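Dropping target_16.txt in here (compact mmCIF, C-alpha atoms and all ligand atoms):
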```
# COMPACT_ATOMS: atom_id res chain seq x y z
CA MET A 622 -13.98 -89.69 178.40
CA SER A 623 -17.17 -91.59 179.08
CA LEU A 624 -20.29 -89.81 180.27
CA PHE A 625 -20.09 -91.05 183.84
CA GLU A 626 -16.39 -90.51 184.43
CA SER A 627 -15.98 -87.01 185.89
CA PRO A 628 -16.11 -86.50 189.67
CA LEU A 629 -18.88 -83.93 189.14
CA TYR A 630 -21.09 -86.39 187.23
CA LYS A 631 -20.50 -89.14 189.80
CA ASP A 632 -21.36 -86.70 192.57
CA ALA A 633 -24.48 -85.36 190.81
CA LEU A 634 -25.67 -88.89 190.11
CA GLU A 635 -25.17 -89.92 193.71
CA GLN A 636 -27.03 -86.85 194.95
CA LEU A 637 -29.84 -87.65 192.52
CA GLU A 638 -30.04 -91.28 193.62
CA VAL A 639 -29.97 -90.56 197.35
CA ALA A 640 -32.62 -87.83 197.05
CA SER A 641 -34.76 -90.16 194.91
CA TYR A 642 -34.62 -92.93 197.51
CA THR A 643 -35.34 -90.48 200.33
CA MET A 644 -38.52 -89.28 198.63
CA SER A 645 -39.41 -92.71 197.10
CA LEU A 646 -39.32 -91.29 193.58
CA ASP A 647 -40.77 -93.44 190.81
CA PRO A 648 -37.71 -95.51 189.67
CA ASN A 649 -38.72 -95.03 186.02
CA VAL A 650 -38.33 -91.28 186.40
CA LEU A 651 -35.01 -91.70 188.21
CA ASP A 652 -33.75 -93.91 185.40
CA ARG A 653 -34.58 -91.31 182.76
CA LEU A 654 -32.91 -88.51 184.73
CA LYS A 655 -29.58 -90.34 184.98
CA TYR A 656 -28.89 -89.73 181.28
CA PRO A 657 -28.85 -86.54 179.22
CA LYS A 658 -31.50 -86.28 176.52
CA ARG A 659 -28.96 -85.16 173.91
CA ALA A 660 -25.20 -84.54 173.83
CA LEU A 661 -23.28 -82.98 170.98
CA GLN A 662 -19.50 -82.94 170.69
CA VAL A 663 -17.94 -80.67 168.09
CA SER A 664 -14.52 -79.62 166.78
CA VAL A 665 -13.87 -75.90 166.95
CA PRO A 666 -10.94 -75.07 164.65
CA ILE A 667 -9.76 -71.44 164.60
CA ARG A 668 -6.90 -69.52 163.04
CA LEU A 669 -4.65 -68.09 165.74
CA ASP A 670 -3.11 -64.63 165.48
CA ASP A 671 0.22 -66.18 164.37
CA GLY A 672 -1.48 -67.78 161.34
CA THR A 673 -1.52 -71.36 162.60
CA VAL A 674 -4.75 -73.33 163.02
CA LYS A 675 -5.67 -74.86 166.37
CA THR A 676 -8.64 -77.13 167.05
CA PHE A 677 -10.52 -77.15 170.34
CA MET A 678 -13.17 -79.55 171.60
CA GLY A 679 -16.64 -78.14 172.24
CA PHE A 680 -19.81 -79.59 173.75
CA ARG A 681 -23.50 -78.82 174.24
CA VAL A 682 -25.53 -81.15 176.40
CA GLN A 683 -29.30 -81.00 176.90
CA HIS A 684 -30.16 -82.98 179.98
CA ASN A 685 -33.92 -82.68 180.26
CA MET A 686 -36.47 -80.48 178.48
CA THR A 687 -39.73 -81.73 179.95
CA ILE A 688 -40.67 -78.40 181.50
CA GLY A 689 -39.38 -76.15 178.72
CA PRO A 690 -36.47 -75.26 176.42
CA GLY A 691 -32.97 -76.12 177.62
CA LYS A 692 -31.20 -73.42 179.59
CA GLY A 693 -27.62 -73.19 180.79
CA GLY A 694 -24.31 -71.46 180.38
CA ILE A 695 -21.31 -71.90 178.13
CA ARG A 696 -18.04 -72.54 179.93
CA TYR A 697 -14.55 -71.85 178.56
CA HIS A 698 -12.15 -73.72 180.84
CA PRO A 699 -9.35 -76.29 180.42
CA ASN A 700 -11.28 -78.85 182.54
CA VAL A 701 -14.35 -78.84 180.28
CA ASP A 702 -15.21 -82.27 178.87
CA LEU A 703 -18.32 -84.20 177.93
CA SER A 704 -18.86 -85.70 181.36
CA GLU A 705 -18.44 -82.44 183.28
CA THR A 706 -20.73 -80.63 180.83
CA ALA A 707 -23.34 -83.37 181.21
CA ALA A 708 -23.16 -83.09 185.01
CA LEU A 709 -23.61 -79.32 184.83
CA ALA A 710 -26.54 -79.76 182.43
CA MET A 711 -28.15 -82.12 184.94
CA LEU A 712 -27.70 -79.53 187.70
CA MET A 713 -29.38 -76.94 185.45
CA THR A 714 -32.44 -79.22 185.10
CA PHE A 715 -32.78 -79.34 188.87
CA LYS A 716 -31.96 -75.64 189.32
CA CYS A 717 -34.65 -74.49 186.86
CA ALA A 718 -37.21 -76.92 188.28
CA LEU A 719 -36.44 -75.95 191.87
CA VAL A 720 -37.04 -72.23 191.34
CA GLY A 721 -40.08 -72.91 189.15
CA LEU A 722 -38.83 -71.65 185.77
CA PRO A 723 -40.54 -73.05 182.65
CA LEU A 724 -37.14 -74.22 181.40
CA GLY A 725 -35.12 -77.42 181.17
CA GLY A 726 -31.44 -78.04 181.81
CA ALA A 727 -28.53 -77.72 179.38
CA LYS A 728 -24.88 -76.73 179.42
CA GLY A 729 -22.10 -76.14 176.93
CA GLY A 730 -18.43 -75.48 176.88
CA ILE A 731 -15.09 -75.56 175.19
CA MET A 732 -11.95 -77.17 176.56
CA VAL A 733 -9.77 -74.06 176.42
CA ASP A 734 -7.99 -71.61 178.67
CA PRO A 735 -9.49 -68.29 177.52
CA ASN A 736 -6.66 -66.41 179.26
CA ASN A 737 -4.29 -67.75 176.59
CA LEU A 738 -6.31 -66.37 173.66
CA SER A 739 -6.47 -62.84 172.26
CA ARG A 740 -9.79 -61.03 171.89
CA GLN A 741 -9.80 -61.80 168.15
CA GLU A 742 -9.09 -65.49 168.78
CA LEU A 743 -11.89 -65.64 171.38
CA GLN A 744 -14.28 -64.09 168.90
CA SER A 745 -13.35 -66.66 166.22
CA LEU A 746 -13.72 -69.46 168.76
CA THR A 747 -17.18 -68.29 169.85
CA ARG A 748 -18.43 -67.78 166.28
CA ARG A 749 -17.21 -71.20 165.11
CA TYR A 750 -18.60 -72.93 168.22
CA CYS A 751 -21.98 -71.26 167.67
CA THR A 752 -21.95 -72.39 164.04
CA GLU A 753 -21.15 -75.97 165.04
CA ILE A 754 -24.00 -76.23 167.58
CA ASN A 755 -26.54 -73.92 165.89
CA MET A 756 -28.75 -76.83 164.79
CA ILE A 757 -29.69 -77.75 168.36
CA ILE A 758 -30.07 -74.30 169.93
CA GLY A 759 -32.64 -71.52 169.52
CA PRO A 760 -34.97 -69.27 171.52
CA SER A 761 -37.54 -72.02 171.91
CA THR A 762 -35.20 -75.03 172.00
CA ASP A 763 -32.09 -74.28 174.04
CA ILE A 764 -30.87 -70.89 175.24
CA PRO A 765 -27.20 -70.54 176.27
CA ALA A 766 -25.82 -67.92 178.70
CA PRO A 767 -22.47 -66.97 180.26
CA ASP A 768 -20.62 -69.24 182.69
CA ILE A 769 -16.99 -69.53 183.79
CA GLY A 770 -14.69 -67.93 181.19
CA THR A 771 -17.48 -66.31 179.14
CA ASP A 772 -19.28 -62.98 179.51
CA ALA A 773 -21.71 -60.54 177.92
CA GLN A 774 -19.33 -59.90 175.00
CA THR A 775 -19.18 -63.65 174.30
CA MET A 776 -22.99 -63.68 174.21
CA ALA A 777 -23.07 -60.71 171.79
CA TRP A 778 -20.76 -62.56 169.36
CA PHE A 779 -22.81 -65.70 169.80
CA MET A 780 -26.12 -63.93 169.16
CA ASP A 781 -24.67 -62.14 166.13
CA THR A 782 -23.38 -65.40 164.62
CA TYR A 783 -26.67 -67.22 165.17
CA SER A 784 -28.56 -64.27 163.68
CA GLN A 785 -26.24 -64.16 160.62
CA LEU A 786 -26.85 -67.86 160.05
CA LYS A 787 -30.64 -67.41 160.20
CA GLY A 788 -30.77 -64.12 158.29
CA TYR A 789 -32.39 -61.89 160.92
CA THR A 790 -31.69 -60.69 164.46
CA ILE A 791 -32.66 -63.23 167.11
CA PRO A 792 -31.80 -61.80 170.55
CA GLY A 793 -33.69 -64.60 172.36
CA VAL A 794 -31.13 -67.25 171.41
CA VAL A 795 -28.92 -66.32 174.39
CA THR A 796 -29.24 -64.48 177.68
CA GLY A 797 -26.60 -62.53 179.58
CA LYS A 798 -26.25 -60.22 176.58
CA PRO A 799 -25.04 -56.61 176.85
CA ILE A 800 -27.94 -54.20 177.53
CA ALA A 801 -27.39 -52.54 174.11
CA VAL A 802 -28.36 -55.74 172.29
CA GLY A 803 -31.31 -56.87 174.38
CA GLY A 804 -29.73 -57.73 177.72
CA SER A 805 -31.55 -57.27 181.00
CA LEU A 806 -30.78 -54.83 183.75
CA GLY A 807 -29.39 -56.68 186.73
CA ARG A 808 -28.31 -59.84 184.85
CA ALA A 809 -24.55 -59.31 185.31
CA GLU A 810 -24.80 -59.17 189.11
CA ALA A 811 -27.84 -61.47 189.47
CA THR A 812 -26.00 -64.61 190.60
CA GLY A 813 -24.10 -62.74 193.32
CA LYS A 814 -27.20 -60.84 194.39
CA GLY A 815 -29.07 -64.14 194.70
CA VAL A 816 -26.25 -65.51 196.85
CA ALA A 817 -26.50 -62.46 199.15
CA PHE A 818 -30.30 -62.88 199.38
CA CYS A 819 -29.87 -66.56 200.31
CA VAL A 820 -27.25 -65.77 202.96
CA ASN A 821 -29.78 -63.41 204.54
CA PHE A 822 -32.55 -66.02 204.42
CA ALA A 823 -30.23 -68.56 206.07
CA ALA A 824 -29.06 -66.12 208.75
CA GLN A 825 -32.66 -65.30 209.56
CA LYS A 826 -33.49 -68.98 209.79
CA MET A 827 -30.57 -69.48 212.20
CA GLY A 828 -31.43 -66.44 214.27
CA LEU A 829 -28.16 -64.76 213.31
CA THR A 830 -28.31 -60.97 212.98
CA MET A 831 -26.42 -59.68 209.96
CA GLY A 832 -24.37 -56.67 211.00
CA SER A 833 -20.89 -55.29 211.58
CA ASN A 834 -19.97 -58.32 213.71
CA THR A 835 -20.84 -60.76 210.93
CA THR A 836 -17.77 -62.01 209.07
CA VAL A 837 -17.68 -63.41 205.54
CA ALA A 838 -14.96 -65.14 203.49
CA ILE A 839 -15.34 -65.39 199.74
CA HIS A 840 -13.50 -68.03 197.72
CA GLY A 841 -13.61 -66.72 194.15
CA PHE A 842 -13.66 -62.95 193.81
CA GLY A 843 -15.17 -62.90 190.33
CA LYS A 844 -18.48 -62.60 188.50
CA VAL A 845 -20.39 -64.19 191.40
CA GLY A 846 -18.18 -63.35 194.39
CA ILE A 847 -17.82 -59.62 193.68
CA PRO A 848 -21.51 -58.66 193.57
CA ALA A 849 -22.25 -60.96 196.52
CA ALA A 850 -19.47 -59.23 198.49
CA GLN A 851 -20.73 -55.79 197.47
CA ASP A 852 -24.33 -56.48 198.51
CA LEU A 853 -23.32 -58.00 201.85
CA HIS A 854 -20.88 -55.16 202.48
CA ALA A 855 -23.66 -52.64 201.74
CA GLU A 856 -25.63 -54.26 204.58
CA GLY A 857 -22.74 -53.54 206.94
CA VAL A 858 -21.35 -57.06 207.03
CA LYS A 859 -17.55 -57.47 207.20
CA ILE A 860 -15.87 -59.22 204.24
CA VAL A 861 -12.64 -60.39 205.89
CA ALA A 862 -11.14 -62.54 203.12
CA ILE A 863 -11.36 -62.89 199.35
CA SER A 864 -9.47 -65.00 196.84
CA ASP A 865 -8.95 -65.87 193.21
CA VAL A 866 -6.70 -68.34 191.38
CA SER A 867 -3.65 -66.21 192.20
CA GLY A 868 -4.18 -66.49 195.99
CA ALA A 869 -6.14 -65.03 198.89
CA ILE A 870 -6.00 -61.92 201.07
CA TYR A 871 -7.21 -61.39 204.62
CA ASP A 872 -7.98 -58.36 206.77
CA LYS A 873 -9.69 -58.92 210.09
CA ASN A 874 -11.10 -55.37 209.99
CA GLY A 875 -12.65 -55.95 206.57
CA ILE A 876 -11.17 -55.84 203.07
CA ASP A 877 -11.34 -52.52 201.21
CA LEU A 878 -13.70 -53.91 198.55
CA GLN A 879 -13.57 -51.01 196.12
CA LYS A 880 -9.79 -51.14 196.14
CA ALA A 881 -9.89 -54.89 195.49
CA VAL A 882 -12.37 -54.47 192.60
CA ASP A 883 -10.22 -51.70 191.05
CA TRP A 884 -7.09 -53.82 191.50
CA VAL A 885 -8.66 -56.85 189.79
CA ASP A 886 -10.06 -54.61 187.03
CA SER A 887 -6.65 -53.22 186.18
CA ARG A 888 -4.36 -56.20 187.01
CA ARG A 889 -6.76 -59.11 186.40
CA PHE A 890 -5.59 -61.00 189.54
CA LEU A 891 -5.72 -60.18 193.28
CA LYS A 892 -2.10 -61.17 193.75
CA ASP A 893 0.19 -58.39 195.03
CA MET A 894 -2.65 -56.07 196.12
CA PRO A 895 -0.94 -53.80 198.67
CA GLY A 896 -2.18 -53.38 202.23
CA ALA A 897 -3.64 -56.84 202.83
CA THR A 898 -2.25 -60.00 204.43
CA VAL A 899 -1.62 -62.76 201.95
CA ILE A 900 -3.01 -66.18 202.90
CA SER A 901 -3.53 -69.34 200.89
CA ASN A 902 -6.85 -70.45 199.43
CA GLU A 903 -6.83 -73.40 201.85
CA GLU A 904 -6.40 -71.01 204.79
CA LEU A 905 -9.34 -68.94 203.55
CA LEU A 906 -11.60 -72.00 203.53
CA ALA A 907 -10.60 -72.75 207.13
CA LEU A 908 -11.16 -69.24 208.54
CA ASP A 909 -13.30 -68.85 211.65
CA VAL A 910 -16.04 -66.80 209.95
CA ASP A 911 -19.82 -66.73 210.09
CA VAL A 912 -20.30 -67.20 206.36
CA LEU A 913 -18.15 -68.95 203.76
CA ILE A 914 -19.02 -68.42 200.10
CA PRO A 915 -17.22 -70.78 197.71
CA ALA A 916 -17.99 -68.98 194.45
CA ALA A 917 -15.26 -70.20 192.11
CA ILE A 918 -15.34 -73.79 190.89
CA ASP A 919 -16.45 -77.29 191.85
CA GLY A 920 -14.72 -79.69 194.23
CA VAL A 921 -13.17 -77.09 196.56
CA VAL A 922 -14.34 -78.50 199.91
CA THR A 923 -13.80 -82.25 199.94
CA LYS A 924 -13.39 -85.08 202.43
CA ASP A 925 -9.73 -84.03 202.81
CA ASN A 926 -10.35 -80.48 204.04
CA CYS A 927 -13.98 -80.31 205.21
CA ASP A 928 -12.97 -80.92 208.81
CA ASN A 929 -11.07 -77.61 208.82
CA VAL A 930 -14.14 -75.54 207.85
CA LYS A 931 -15.43 -73.42 210.75
CA ALA A 932 -18.13 -71.29 209.06
CA LYS A 933 -21.70 -71.46 210.37
CA ILE A 934 -23.27 -70.88 206.97
CA ILE A 935 -21.84 -72.07 203.65
CA ALA A 936 -23.36 -70.53 200.53
CA GLU A 937 -22.56 -72.55 197.40
CA GLY A 938 -22.07 -69.68 194.93
CA ALA A 939 -20.33 -71.99 192.44
CA ASN A 940 -21.79 -75.17 190.99
CA GLY A 941 -20.73 -78.14 193.13
CA PRO A 942 -18.03 -76.49 195.30
CA LEU A 943 -18.71 -78.99 198.11
CA THR A 944 -18.53 -82.72 197.42
CA LYS A 945 -21.30 -85.00 198.62
CA HIS A 946 -19.12 -86.24 201.47
CA ALA A 947 -18.29 -82.67 202.59
CA ILE A 948 -21.95 -81.68 202.54
CA GLU A 949 -23.01 -84.64 204.65
CA HIS A 950 -20.16 -84.21 207.11
CA LEU A 951 -20.71 -80.46 207.57
CA SER A 952 -24.50 -80.74 207.71
CA ASN A 953 -24.15 -83.33 210.47
CA LYS A 954 -21.96 -80.85 212.36
CA GLY A 955 -24.80 -78.31 212.20
CA VAL A 956 -23.45 -76.10 209.41
CA PHE A 957 -26.25 -74.47 207.39
CA ILE A 958 -25.47 -75.22 203.74
CA ILE A 959 -27.30 -73.31 201.03
CA PRO A 960 -27.10 -75.72 198.08
CA ASP A 961 -25.84 -74.54 194.70
CA ILE A 962 -29.05 -75.15 192.75
CA LEU A 963 -30.76 -72.69 195.10
CA CYS A 964 -27.91 -70.40 196.11
CA ASN A 965 -26.62 -69.53 192.63
CA ALA A 966 -29.97 -69.71 190.84
CA GLY A 967 -30.20 -65.90 190.69
CA GLY A 968 -28.28 -65.94 187.40
CA VAL A 969 -30.66 -68.21 185.57
CA VAL A 970 -33.69 -66.53 187.14
CA VAL A 971 -32.68 -63.15 185.69
CA SER A 972 -31.72 -64.95 182.45
CA TYR A 973 -35.33 -66.08 182.38
CA PHE A 974 -36.45 -62.47 182.95
CA GLU A 975 -34.19 -61.41 180.06
CA TRP A 976 -35.67 -64.06 177.78
CA VAL A 977 -39.24 -63.08 178.72
CA GLN A 978 -38.52 -59.36 178.27
CA GLY A 979 -36.92 -60.04 174.89
CA LEU A 980 -39.85 -62.13 173.68
CA GLN A 981 -42.26 -59.34 174.70
CA ASN A 982 -39.99 -56.50 173.61
CA PHE A 983 -40.82 -54.81 176.88
CA PHE A 984 -38.08 -54.14 179.39
CA TRP A 985 -38.44 -53.86 183.14
CA ASP A 986 -36.71 -51.48 185.54
CA LEU A 987 -34.10 -52.73 187.99
CA ASP A 988 -36.36 -52.50 191.04
CA ARG A 989 -38.86 -54.86 189.44
CA ILE A 990 -36.13 -57.31 188.48
CA ASN A 991 -34.61 -57.42 191.97
CA GLU A 992 -38.00 -57.63 193.64
CA GLU A 993 -39.14 -60.56 191.44
CA LEU A 994 -35.77 -62.27 191.94
CA HIS A 995 -36.06 -61.92 195.71
CA GLY A 996 -39.61 -63.34 195.64
CA ILE A 997 -38.66 -66.38 193.55
CA LEU A 998 -35.60 -67.23 195.66
CA LYS A 999 -37.45 -66.76 198.95
CA ARG A 1000 -40.23 -69.08 197.83
CA ALA A 1001 -37.72 -71.73 196.73
CA PHE A 1002 -35.71 -71.31 199.97
CA ASP A 1003 -38.84 -71.87 202.06
CA GLU A 1004 -39.83 -74.91 200.00
CA VAL A 1005 -36.36 -76.43 200.52
CA CYS A 1006 -36.48 -75.77 204.30
CA GLU A 1007 -39.91 -77.39 204.42
CA ALA A 1008 -38.67 -80.49 202.56
CA LYS A 1009 -35.63 -80.62 204.86
CA ASP A 1010 -37.91 -80.87 207.88
CA LYS A 1011 -40.41 -83.20 206.24
CA TYR A 1012 -37.78 -85.73 205.16
CA ASP A 1013 -35.40 -85.05 208.08
CA THR A 1014 -32.53 -84.57 205.68
CA ASP A 1015 -29.90 -81.98 204.71
CA MET A 1016 -30.49 -78.88 202.58
CA LYS A 1017 -28.81 -80.35 199.49
CA LYS A 1018 -31.00 -83.43 199.38
CA ALA A 1019 -34.01 -81.28 200.25
CA ALA A 1020 -33.31 -79.04 197.25
CA PHE A 1021 -33.06 -82.07 194.97
CA ILE A 1022 -36.29 -83.44 196.46
CA VAL A 1023 -38.22 -80.24 195.72
CA ALA A 1024 -36.83 -80.11 192.17
CA LEU A 1025 -37.49 -83.81 191.58
CA GLY A 1026 -41.06 -83.44 192.84
CA LYS A 1027 -41.75 -80.79 190.19
CA LEU A 1028 -40.00 -82.77 187.46
CA PHE A 1029 -41.83 -85.94 188.39
CA MET A 1030 -45.18 -84.21 188.08
CA ALA A 1031 -44.32 -82.80 184.62
CA MET A 1032 -42.82 -86.07 183.35
CA ARG A 1033 -45.80 -88.09 184.57
CA LEU A 1034 -48.29 -85.72 182.97
CA ARG A 1035 -46.45 -85.74 179.64
CA GLY A 1036 -45.91 -89.51 179.74
CA LEU A 1037 -43.42 -91.51 177.68
CA PHE A 1038 -43.36 -91.31 173.89
CA PRO A 1039 -44.02 -93.82 172.39
CA SER A 1040 -45.99 -95.09 175.34
N1 LIG B 1 -24.22 -70.33 184.01
C1 LIG B 1 -25.19 -69.97 184.99
C2 LIG B 1 -25.58 -71.18 185.84
O1 LIG B 1 -24.81 -72.09 186.01
C3 LIG B 1 -26.38 -69.26 184.38
C4 LIG B 1 -27.13 -70.03 183.35
C5 LIG B 1 -28.17 -69.19 182.62
O2 LIG B 1 -28.30 -68.03 182.91
O3 LIG B 1 -28.82 -69.76 181.74
O4 LIG B 1 -26.61 -71.19 186.46
```
Could you quickly redo this structure as structure tokens?
Ligand code: GLU
Amino acid sequence: MSLFESPLYKDALEQLEVASYTMSLDPNVLDRLKYPKRALQVSVPIRLDDGTVKTFMGFRVQHNMTIGPGKGGIRYHPNVDLSETAALAMLMTFKCALVGLPLGGAKGGIMVDPNNLSRQELQSLTRRYCTEINMIIGPSTDIPAPDIGTDAQTMAWFMDTYSQLKGYTIPGVVTGKPIAVGGSLGRAEATGKGVAFCVNFAAQKMGLTMGSNTTVAIHGFGKVGIPAAQDLHAEGVKIVAISDVSGAIYDKNGIDLQKAVDWVDSRRFLKDMPGATVISNEELLALDVDVLIPAAIDGVVTKDNCDNVKAKIIAEGANGPLTKHAIEHLSNKGVFIIPDILCNAGGVVVSYFEWVQGLQNFFWDLDRINEELHGILKRAFDEVCEAKDKYDTDMKKAAFIVALGKLFMAMRLRGLFPS
């Protein structure tokens, strides 16, 4: 697959171009941002439990490192390819710039369904992948983290492999690690917490009081959706629908969240959870709720179904869950869209805290982490709202404009080598 082929890359490129024209960005800077700085494709052969050898395709793409080392997750999913990874790396560049982190954008992944592999096979896969990309990553070059299909355990194996290769322990090579090996408090739930913060900022902006009459539907009851649901529920808001790949459930009086979390913990999927009405994922997206949080995967709300969406606020918990067309259409209808590079930036912000804490060997308490996270997201949210008004545009383009403004400044100051 060529670099520009995936729907996500095409969409990201279009968003980049439109935002650039809106803000009259220097075309030389735009041209450089259309391409990743570096892309590595590797074979990841592993021995399966039955003794046979299977080879998977892996990638690590570094989109832009003007502001600092590359930063971005590692995704294990059957849809992973070079183009999608490059698109996600580009989004990481804008995400880090938008929230003001001294980091660039990168992303990695393996084309694999992790649900089909045993724990041992996953460990072999992670260790071999790390070995294959070790020459381009490191605590001051490119720092991976979890993403779809990977977690803290994956990061522990990754960090251990990198450290074995170098001969000493290097916790700073990844973030999202377990606490016992240098992870940060609050990292696991940071993305969801950030989503909940952003929903509150948006509600405030719209003059909507968050309370027991506020209804929320969450598409993707996983690493992002669960903590977002828990934080909003703790505020007294009603979570009326949740979903995962196995389907969706609805309860107009509010889902019993603890029961749903326990059910998913023990059975992996929401399907068959007793006491809730089963609906389809499409029906969930079309519910008449105040807030819709698509927190699963990209390309969920498209030109085909965006007309059915009735939510007043849409919080992009996933990367790219709304296509460019859907964003424009819904924004024109007055829906308040919190764009992904702002809405789900909580994960990478606390990753940054983890990296900083690790480098200093001094660890913060949870209150400090959540307070700093809130401050960073609020500042970025306000900057995006300001750009939205200044350029009379939608929130997505405004977020790109703020990020591009910061990138432009850094790229101009550093100049082009050789000049
Ligand atoms: N994978 C997450 C993202 O897409 C987190 C990346 C990180 O923590 O570096 O933002």
Please, what is the axis-aligned box for every listed atom of stretch 734-741 of chain A with 3 Å on each side, as centre and edge lengths in Å to one decimal, as AutoDock Vina command-line options?
```
--center_x -7.0 --center_y -66.3 --center_z 173.7 --size_x 11.5 --size_y 16.6 --size_z 17.1
```
Surroundings of ligand LIG 1 (chain B) up to 8 Å, based on only C-alpha atoms and all ligand atoms, as a ChimeraX atom specification
/A:692-696,709,713,716,728,764-769,796-797,812,939-940,962,965-973
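Of the listed residues (A:Phe890, A:Trp985, A:Phe1029, A:Phe822), A:Phe822 comes nearest to A:Cys964; the distances count all atoms listed in the file.
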Taking all atoms listed in the file into account, name the residue in A:His698, A:Glu635, A:Gln825, A:Ile990 that is nearest to A:Asn736.
A:His698
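One finds atom CA of A:Ala707 at 27.8 Å from atom CA of A:Phe957.
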Between atom CA of A:Glu992 and atom CA of A:Glu1007, what distance in Å does the model show, to one decimal?
22.6 Å
Could you give me, as a PyMOL selection string, the residues within 8 Å of A:Met686, counting all atoms listed in the file and dropping anything in the same chain fewer than 2 positions from it?
chain A and resi 658+683-684+688-691+714+724-726
Give me the residues within 9 Å of stretch 747-758 of chain A as a PyMOL selection string, counting all atoms listed in the file and dropping any in the same chain fewer than 6 places off.
chain A and resi 661-667+679-681+691+731+764-765+775-776+778-783+786+794
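Across the structure, atom CA of A:Leu634 and atom CA of A:Pro915 are spaced 21.4 Å apart.
Remark: for A:Gly759, the closest of the candidate residues A:Trp976, A:Phe818, A:Tyr642, A:Tyr871 is A:Trp976 (distances computed over all atoms listed in the file).
Taking all atoms listed in the file into account, A:Thr676 lies nearest to A:Leu746 out of the set A:Leu746, A:Val720, A:Ala824, A:Met711.
Of the listed residues (A:Ala916, A:Leu908, A:Ala773, A:Ile860), A:Leu908 comes nearest to A:Asp928; the distances count only C-alpha atoms.
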With a distance cut-off of 8 Å and only C-alpha atoms, select the neighbouring residues of A:Leu905, excluding the residue or stretch itself and same-chain residues fewer than 4 positions from it, and output the selection as JSON, numbers by chain.
{"A": [838, 839, 840, 862, 863, 864, 869, 871, 900, 901]}
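Nearest to A:Leu994 of all the residues A:Lys880, A:Arg653, A:Lys1011, A:Lys814 is A:Lys814, based on only C-alpha atoms.
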